[in-house]
Amino acid sequence: MKEIDLSGKKILLGVTGSISIYKACELVRAFVRSNADVRVVMSKGATKFISPLTFEALSRNRVLFEDSEDWSSDINHIDYAKWADVFVIAPITANSINKLSKGIADTLLLQTALAYKGPLVIAPAANTVMLENHYTVGSLKMLVVNDVVVVKPAKKKLACGDEGNGALAEVQEIYWQVARELYKDDFWDNRKVVVTGGGTKEAIDSFRYISNRSSGKMGMALAEALYLRGADVCYISTTSHDELPSEVYTIDVESAKEMYDYTIDAVRVAKKGKMSKASMNRSEPISLIKKQPFLFMAAAVSDYRPAFPQEGKLKKSNLGNEWELKLVKNPDILSDVDKEYLVTIGFKAESDEENGLDNAKKMLEEKNLDAVCYNHISSSKSFGSDDNEIVFITKESIQKIDRADKLSVALSILKESEKLSNE
């Protein structure tokens with residue numbers, strides 16, 4: 001499971017009476033491993049499935065439930081509500097969903113929710129018919145309108161034997177949503193951002209290709225960082241992205257030509273989306289629609305491709321002792337992308353320590369970029385590492401981002417990138 005640093009964050013977990021409550025135990029463990037301070041509030045129904053002692057052992061904090069509420073200390077629904085940075089109810093039953101949407105507070109957990117005024121995340125778990133009942137559907141819509149984040153349930157065979165929508169979402173997805181609420185930033189919130197990652201593969205024949213050693217980890221770290229900050233992310237990549245949150249829109253590509261086509265199109269859509277929502281009379285605030293889109297071009301795109309890729313497998317017996325492979329130049333995405341009303345950040349990896357920085361500066365000018373992220377690659381062993389260091393270059397400044405894990409580096413890149421917007 002992918003986990004990030006939540007040091008200093010205070011998470012209140014609410015649990016209701018559902019067979020899927022066992023997943024809440026793993027959620028508490030994940031938050032604790034991430035260095036968050038975790039407290040738990042349980043409904044009366046939840047205590048029938050799991051003892052409060054279990055959550056106390058996992059969270060290392062007193063659990064708030066009907067028999068433990070104490071007004072001579074802070075173990076009560078008012079103080080717990082004031083304490084939390086984020087409140088997540090997982091699992092939440094159809095009964096509690098419908099009550100919560102109407103402001104009904106006839107249980108200790110719902111009283112805590114009514115007293116809480118920060119970001120609220122809920123993860124439903126219920127029988128399909130109960131969840132899809134028009135009352136429950138209406139309640140969920142009302143909660144979303146009131147800025148409650150709903151983690152969509154999964155479709156699978158349920159404990160009752162029915163098959164359909166209603167299983168509690170995977171722990172990783174709930175974790176991501178809670179982390180996002182803790183990391184969200186007004187600048188990036190709802191901003192459309194395109195990120196590319198990985199090394200392109202240029203076909204020689206149906207079995208062979210030309211590529212490079214790019215792992216795609218930096219691109220994926222950028223997509224993760226942008227998601228956590230609240231951005232609307234489109235990630236175009238040649239490598240696996242299974243660890244990304246499901247809300248990150250991903251496009252799988254292989255060749256530079258595919259990368260070119262999808263990137264150009266994704267940027268066009270990002271710009272068009274800026275005004276189309278307003279023109280379609282949607283409910284999003286205008287301030288969220290007009291945000292300037294960004295492009296982070298972290299992919300290692302092949303400069304050349306085979307001129308005549310072949311179907312099937314070329315036979316060694318037919319090729320002879322020498323094989324001359326003709327290559328042609330690939331189109332340059334960063335040069336061709338429409339940069340009007342777009343902040344464009346390129347990435348430059350160089351093995352030439354002496355001239356690498358100057359080459360990155362030239363790239364900034366030649367391709368008319370807003371910034372270049374330059375890093376020196378000492379050897380092939382540098383590829384695929386979990387950490388990185390970057391020199392962030394703009395026309396006005398050069399800022400060194402010290403070596404750290406790639407998510408931390410990505411968050412630092414975003415901080416520097418904020419200064420590039422003309423808003």
# chains A, B, ... in the order shown; residues from 1 in each chain; ligands from 1
$ residues_around --residues "Glu353 in chain A" --least-positions-apart "4" --cutoff "10 Å" --atoms "only C-alpha atoms" --output "NGL selection string"
:A and (357-358 or 375-378)
$ select_by_dssp --residues "range 288-376 of chain A" --states "helix (DSSP H, G or I)" --output "mmCIF file with C-alpha atoms, in the first residue's frame"
data_model
loop_
_atom_site.group_PDB
_atom_site.id
_atom_site.type_symbol
_atom_site.label_atom_id
_atom_site.label_comp_id
_atom_site.auth_asym_id
_atom_site.auth_seq_id
_atom_site.Cartn_x
_atom_site.Cartn_y
_atom_site.Cartn_z
ATOM 1 C CA LEU A 288 -12.541 27.440 -10.324
ATOM 2 C CA ILE A 289 -13.197 27.345 -14.068
ATOM 3 C CA LYS A 316 18.380 -12.924 -37.909
ATOM 4 C CA SER A 317 19.017 -15.241 -40.846
ATOM 5 C CA ASN A 318 17.547 -12.639 -43.210
ATOM 6 C CA LEU A 319 19.395 -9.694 -41.674
ATOM 7 C CA ILE A 333 6.095 17.966 -28.340
ATOM 8 C CA LEU A 334 7.387 20.888 -26.286
ATOM 9 C CA SER A 335 8.142 22.938 -29.397
ATOM 10 C CA ASP A 336 4.784 22.270 -31.039
ATOM 11 C CA GLY A 356 24.333 20.255 -18.550
ATOM 12 C CA LEU A 357 23.060 23.378 -16.822
ATOM 13 C CA ASP A 358 23.798 25.525 -19.870
ATOM 14 C CA ASN A 359 21.999 23.018 -22.085
ATOM 15 C CA ALA A 360 18.943 23.226 -19.820
ATOM 16 C CA LYS A 361 19.010 27.029 -20.063
ATOM 17 C CA LYS A 362 19.155 26.767 -23.861
ATOM 18 C CA MET A 363 16.162 24.433 -23.807
ATOM 19 C CA LEU A 364 14.234 27.068 -21.825
ATOM 20 C CA GLU A 365 14.859 29.667 -24.537
ATOM 21 C CA GLU A 366 14.704 27.495 -27.669
#
$ residues_around --residues "Asp386 in chain A" --least-positions-apart "4" --cutoff "10 Å" --atoms "only C-alpha atoms" --output "list in words"
Ser215, Lys217, Met218, Ala221, Ser382, Ala404, Asp405, Lys406 and Leu407 of chain A
$ write_last_selection --atoms "N, CA and C atoms" --output "PDB file, in the first residue's frame"
ATOM      1  N   SER A 215      12.214   5.433 -15.798  1.00  0.00           N
ATOM      2  CA  SER A 215      11.308   4.567 -15.025  1.00  0.00           C
ATOM      3  C   SER A 215       9.895   5.120 -14.947  1.00  0.00           C
ATOM      4  N   LYS A 217       8.994   7.214 -12.700  1.00  0.00           N
ATOM      5  CA  LYS A 217       8.681   7.486 -11.288  1.00  0.00           C
ATOM      6  C   LYS A 217       8.521   8.975 -11.004  1.00  0.00           C
ATOM      7  N   MET A 218       9.288   9.818 -11.687  1.00  0.00           N
ATOM      8  CA  MET A 218       9.162  11.263 -11.447  1.00  0.00           C
ATOM      9  C   MET A 218       7.828  11.785 -11.970  1.00  0.00           C
ATOM     10  N   ALA A 221       5.194  10.673  -9.558  1.00  0.00           N
ATOM     11  CA  ALA A 221       5.256  11.470  -8.332  1.00  0.00           C
ATOM     12  C   ALA A 221       4.603  12.837  -8.545  1.00  0.00           C
ATOM     13  N   SER A 382      21.481   5.699 -12.022  1.00  0.00           N
ATOM     14  CA  SER A 382      20.671   6.808 -11.511  1.00  0.00           C
ATOM     15  C   SER A 382      19.202   6.666 -11.882  1.00  0.00           C
ATOM     16  N   ALA A 404      15.717  14.347  -2.254  1.00  0.00           N
ATOM     17  CA  ALA A 404      14.691  13.819  -1.350  1.00  0.00           C
ATOM     18  C   ALA A 404      13.912  12.762  -2.113  1.00  0.00           C
ATOM     19  N   ASP A 405      12.952  12.123  -1.443  1.00  0.00           N
ATOM     20  CA  ASP A 405      12.097  11.186  -2.163  1.00  0.00           C
ATOM     21  C   ASP A 405      11.337  11.944  -3.245  1.00  0.00           C
ATOM     22  N   LYS A 406      10.948  11.250  -4.301  1.00  0.00           N
ATOM     23  CA  LYS A 406      10.413  11.931  -5.486  1.00  0.00           C
ATOM     24  C   LYS A 406       9.090  12.646  -5.240  1.00  0.00           C
ATOM     25  N   LEU A 407       8.274  12.161  -4.309  1.00  0.00           N
ATOM     26  CA  LEU A 407       7.039  12.882  -4.001  1.00  0.00           C
ATOM     27  C   LEU A 407       7.363  14.226  -3.349  1.00  0.00           C
TER      28      LEU A 407
END
$ closest_residue --among "A:Thr200, A:Ser206, A:Ser351, A:Thr250" --to "Ala300 in chain A" --atoms "only C-alpha atoms"
A:Thr200
$ residues_around --residues "Ala36 in chain A" --least-positions-apart "5" --cutoff "6 Å" --atoms "only C-alpha atoms" --output "mmCIF file with N, CA and C atoms, in the first residue's frame"
data_model
loop_
_atom_site.group_PDB
_atom_site.id
_atom_site.type_symbol
_atom_site.label_atom_id
_atom_site.label_comp_id
_atom_site.auth_asym_id
_atom_site.auth_seq_id
_atom_site.Cartn_x
_atom_site.Cartn_y
_atom_site.Cartn_z
ATOM 1 N N LEU A 6 2.136 12.029 6.907
ATOM 2 C CA LEU A 6 1.019 12.797 7.466
ATOM 3 C C LEU A 6 1.374 13.315 8.858
ATOM 4 N N SER A 7 2.655 13.544 9.080
ATOM 5 C CA SER A 7 3.116 14.016 10.394
ATOM 6 C C SER A 7 2.388 15.296 10.805
ATOM 7 N N LYS A 9 -0.709 15.690 11.408
ATOM 8 C CA LYS A 9 -2.115 15.734 11.004
ATOM 9 C C LYS A 9 -2.988 14.962 12.003
ATOM 10 N N PHE A 31 -2.892 5.107 8.643
ATOM 11 C CA PHE A 31 -2.725 6.487 9.107
ATOM 12 C C PHE A 31 -1.647 6.580 10.187
#
$ select_by_dssp --residues "range 318-371 of chain A" --states "strand (DSSP E or B)" --output "ChimeraX atom specification"
/A:327-329,343-350,371
$ write_last_selection --atoms "C-alpha atoms" --output "mmCIF file, in the first residue's frame"
data_model
loop_
_atom_site.group_PDB
_atom_site.id
_atom_site.type_symbol
_atom_site.label_atom_id
_atom_site.label_comp_id
_atom_site.auth_asym_id
_atom_site.auth_seq_id
_atom_site.Cartn_x
_atom_site.Cartn_y
_atom_site.Cartn_z
ATOM 1 C CA LEU A 327 16.014 6.330 -38.109
ATOM 2 C CA VAL A 328 13.923 9.466 -38.632
ATOM 3 C CA LYS A 329 13.383 12.352 -36.255
ATOM 4 C CA VAL A 343 2.261 27.232 -18.100
ATOM 5 C CA THR A 344 4.777 24.780 -19.586
ATOM 6 C CA ILE A 345 7.499 23.050 -17.578
ATOM 7 C CA GLY A 346 10.035 20.817 -19.333
ATOM 8 C CA PHE A 347 12.452 18.260 -17.858
ATOM 9 C CA LYS A 348 16.086 17.863 -18.863
ATOM 10 C CA ALA A 349 18.341 14.979 -17.788
ATOM 11 C CA GLU A 350 22.032 15.390 -18.711
ATOM 12 C CA ALA A 371 10.631 26.570 -16.592
#
$ atom_distance --atom1 "CA of Arg213 in chain A" --atom2 "CA of Asn388 in chain A"
15.1 Å
$ atom_distance --atom1 "CA of Val150 in chain A" --atom2 "CA of Gly8 in chain A"
24.3 Å
$ residues_around --residues "Phe207 in chain A" --least-positions-apart "4" --cutoff "12 Å" --atoms "only C-alpha atoms" --output "JSON, numbers by chain"
{"A": [201, 202, 203, 309, 310, 311, 312, 313, 314, 315]}
$ write_last_selection --atoms "N, CA and C atoms" --output "short mmCIF file (atom, residue, chain, number, x, y, z; two decimals), in the first residue's frame"
data_model
loop_
_atom_site.label_atom_id
_atom_site.label_comp_id
_atom_site.auth_asym_id
_atom_site.auth_seq_id
_atom_site.Cartn_x
_atom_site.Cartn_y
_atom_site.Cartn_z
N LYS A 201 8.60 4.09 -26.47
CA LYS A 201 9.11 2.89 -27.13
C LYS A 201 8.82 2.99 -28.62
N GLU A 202 9.87 2.92 -29.42
CA GLU A 202 9.74 3.08 -30.87
C GLU A 202 9.94 1.73 -31.55
N ALA A 203 8.89 1.23 -32.18
CA ALA A 203 8.89 -0.13 -32.72
C ALA A 203 9.88 -0.31 -33.86
N PRO A 309 9.14 0.51 -39.48
CA PRO A 309 8.82 -0.56 -38.54
C PRO A 309 8.12 -1.71 -39.27
N GLN A 310 8.48 -2.92 -38.92
CA GLN A 310 8.00 -4.10 -39.64
C GLN A 310 6.94 -4.86 -38.84
N GLU A 311 6.02 -5.47 -39.57
CA GLU A 311 5.07 -6.38 -38.95
C GLU A 311 5.75 -7.72 -38.71
N GLY A 312 5.41 -8.36 -37.60
CA GLY A 312 6.02 -9.65 -37.30
C GLY A 312 7.43 -9.48 -36.77
N LYS A 313 8.18 -10.58 -36.72
CA LYS A 313 9.54 -10.55 -36.19
C LYS A 313 10.56 -10.71 -37.31
N LEU A 314 11.50 -9.75 -37.35
CA LEU A 314 12.57 -9.84 -38.34
C LEU A 314 13.51 -10.99 -37.98
N LYS A 315 13.85 -11.81 -38.97
CA LYS A 315 14.68 -12.99 -38.73
C LYS A 315 16.17 -12.65 -38.85
#
$ closest_atom_pairs --of "range 152-257 of chain A" --to "range 262-274 of chain A" --cutoff "10 Å" --atoms "only C-alpha atoms" --output "JSON lines"
{"residue": "A:Arg191", "atom": "CA", "partner": "A:Ala270", "partner_atom": "CA", "distance": 9.0}
{"residue": "A:Lys192", "atom": "CA", "partner": "A:Ala270", "partner_atom": "CA", "distance": 5.8}
{"residue": "A:Val193", "atom": "CA", "partner": "A:Ala270", "partner_atom": "CA", "distance": 7.3}
{"residue": "A:Val194", "atom": "CA", "partner": "A:Val267", "partner_atom": "CA", "distance": 6.7}
{"residue": "A:Val195", "atom": "CA", "partner": "A:Thr263", "partner_atom": "CA", "distance": 8.6}
{"residue": "A:Thr196", "atom": "CA", "partner": "A:Thr263", "partner_atom": "CA", "distance": 7.8}
{"residue": "A:Asp232", "atom": "CA", "partner": "A:Ala270", "partner_atom": "CA", "distance": 9.4}
{"residue": "A:Val233", "atom": "CA", "partner": "A:Ala270", "partner_atom": "CA", "distance": 9.7}
{"residue": "A:Cys234", "atom": "CA", "partner": "A:Ala266", "partner_atom": "CA", "distance": 7.4}
{"residue": "A:Tyr235", "atom": "CA", "partner": "A:Thr263", "partner_atom": "CA", "distance": 9.4}
{"residue": "A:Ile236", "atom": "CA", "partner": "A:Thr263", "partner_atom": "CA", "distance": 7.3}
{"residue": "A:Ile251", "atom": "CA", "partner": "A:Tyr262", "partner_atom": "CA", "distance": 8.0}
{"residue": "A:Asp252", "atom": "CA", "partner": "A:Tyr262", "partner_atom": "CA", "distance": 9.5}
{"residue": "A:Val253", "atom": "CA", "partner": "A:Tyr262", "partner_atom": "CA", "distance": 8.4}
{"residue": "A:Ala256", "atom": "CA", "partner": "A:Tyr262", "partner_atom": "CA", "distance": 9.9}
{"residue": "A:Lys257", "atom": "CA", "partner": "A:Tyr262", "partner_atom": "CA", "distance": 8.6}
$ write_last_selection --atoms "N, CA and C atoms" --output "JSON list (two decimals), in the first residue's frame"
[["chain", "number", "residue", "atom", "x", "y", "z"],
["A", 191, "ARG", "N", -7.62, 22.87, -10.68],
["A", 191, "ARG", "CA", -6.86, 23.34, -11.84],
["A", 191, "ARG", "C", -6.55, 22.15, -12.76],
["A", 192, "LYS", "N", -6.72, 22.32, -14.04],
["A", 192, "LYS", "CA", -6.44, 21.24, -14.99],
["A", 192, "LYS", "C", -4.94, 21.19, -15.30],
["A", 193, "VAL", "N", -4.37, 20.00, -15.13],
["A", 193, "VAL", "CA", -2.94, 19.82, -15.33],
["A", 193, "VAL", "C", -2.68, 18.55, -16.14],
["A", 194, "VAL", "N", -1.82, 18.66, -17.13],
["A", 194, "VAL", "CA", -1.39, 17.51, -17.93],
["A", 194, "VAL", "C", 0.03, 17.15, -17.52],
["A", 195, "VAL", "N", 0.27, 15.87, -17.24],
["A", 195, "VAL", "CA", 1.61, 15.38, -16.88],
["A", 195, "VAL", "C", 1.96, 14.22, -17.80],
["A", 196, "THR", "N", 3.19, 14.19, -18.28],
["A", 196, "THR", "CA", 3.65, 13.04, -19.06],
["A", 196, "THR", "C", 4.77, 12.35, -18.30],
["A", 232, "ASP", "N", -7.00, 18.69, -11.11],
["A", 232, "ASP", "CA", -7.68, 17.77, -12.02],
["A", 232, "ASP", "C", -6.60, 17.28, -13.00],
["A", 233, "VAL", "N", -6.10, 16.06, -12.77],
["A", 233, "VAL", "CA", -4.88, 15.60, -13.43],
["A", 233, "VAL", "C", -5.16, 14.63, -14.57],
["A", 234, "CYS", "N", -4.50, 14.87, -15.71],
["A", 234, "CYS", "CA", -4.45, 13.91, -16.82],
["A", 234, "CYS", "C", -3.00, 13.43, -16.92],
["A", 235, "TYR", "N", -2.78, 12.14, -16.71],
["A", 235, "TYR", "CA", -1.43, 11.58, -16.72],
["A", 235, "TYR", "C", -1.25, 10.69, -17.94],
["A", 236, "ILE", "N", -0.33, 11.07, -18.81],
["A", 236, "ILE", "CA", -0.05, 10.34, -20.04],
["A", 236, "ILE", "C", 1.28, 9.64, -19.86],
["A", 251, "ILE", "N", -3.78, 7.93, -19.38],
["A", 251, "ILE", "CA", -3.76, 7.52, -20.78],
["A", 251, "ILE", "C", -2.48, 6.73, -21.02],
["A", 252, "ASP", "N", -2.60, 5.50, -21.48],
["A", 252, "ASP", "CA", -1.45, 4.65, -21.76],
["A", 252, "ASP", "C", -0.99, 4.85, -23.20],
["A", 253, "VAL", "N", 0.29, 5.11, -23.37],
["A", 253, "VAL", "CA", 0.86, 5.26, -24.71],
["A", 253, "VAL", "C", 2.16, 4.46, -24.79],
["A", 256, "ALA", "N", 6.49, 7.86, -29.34],
["A", 256, "ALA", "CA", 6.54, 9.32, -29.27],
["A", 256, "ALA", "C", 5.36, 9.94, -30.03],
["A", 257, "LYS", "N", 4.97, 9.30, -31.14],
["A", 257, "LYS", "CA", 3.84, 9.80, -31.92],
["A", 257, "LYS", "C", 2.55, 9.76, -31.10]]
$ residues_around --residues "range 113-115 of chain A" --least-positions-apart "3" --cutoff "9 Å" --atoms "only C-alpha atoms" --output "JSON, numbers by chain"
{"A": [14, 77, 78, 81, 82, 87, 100, 103, 104, 105, 108, 109, 110, 120]}
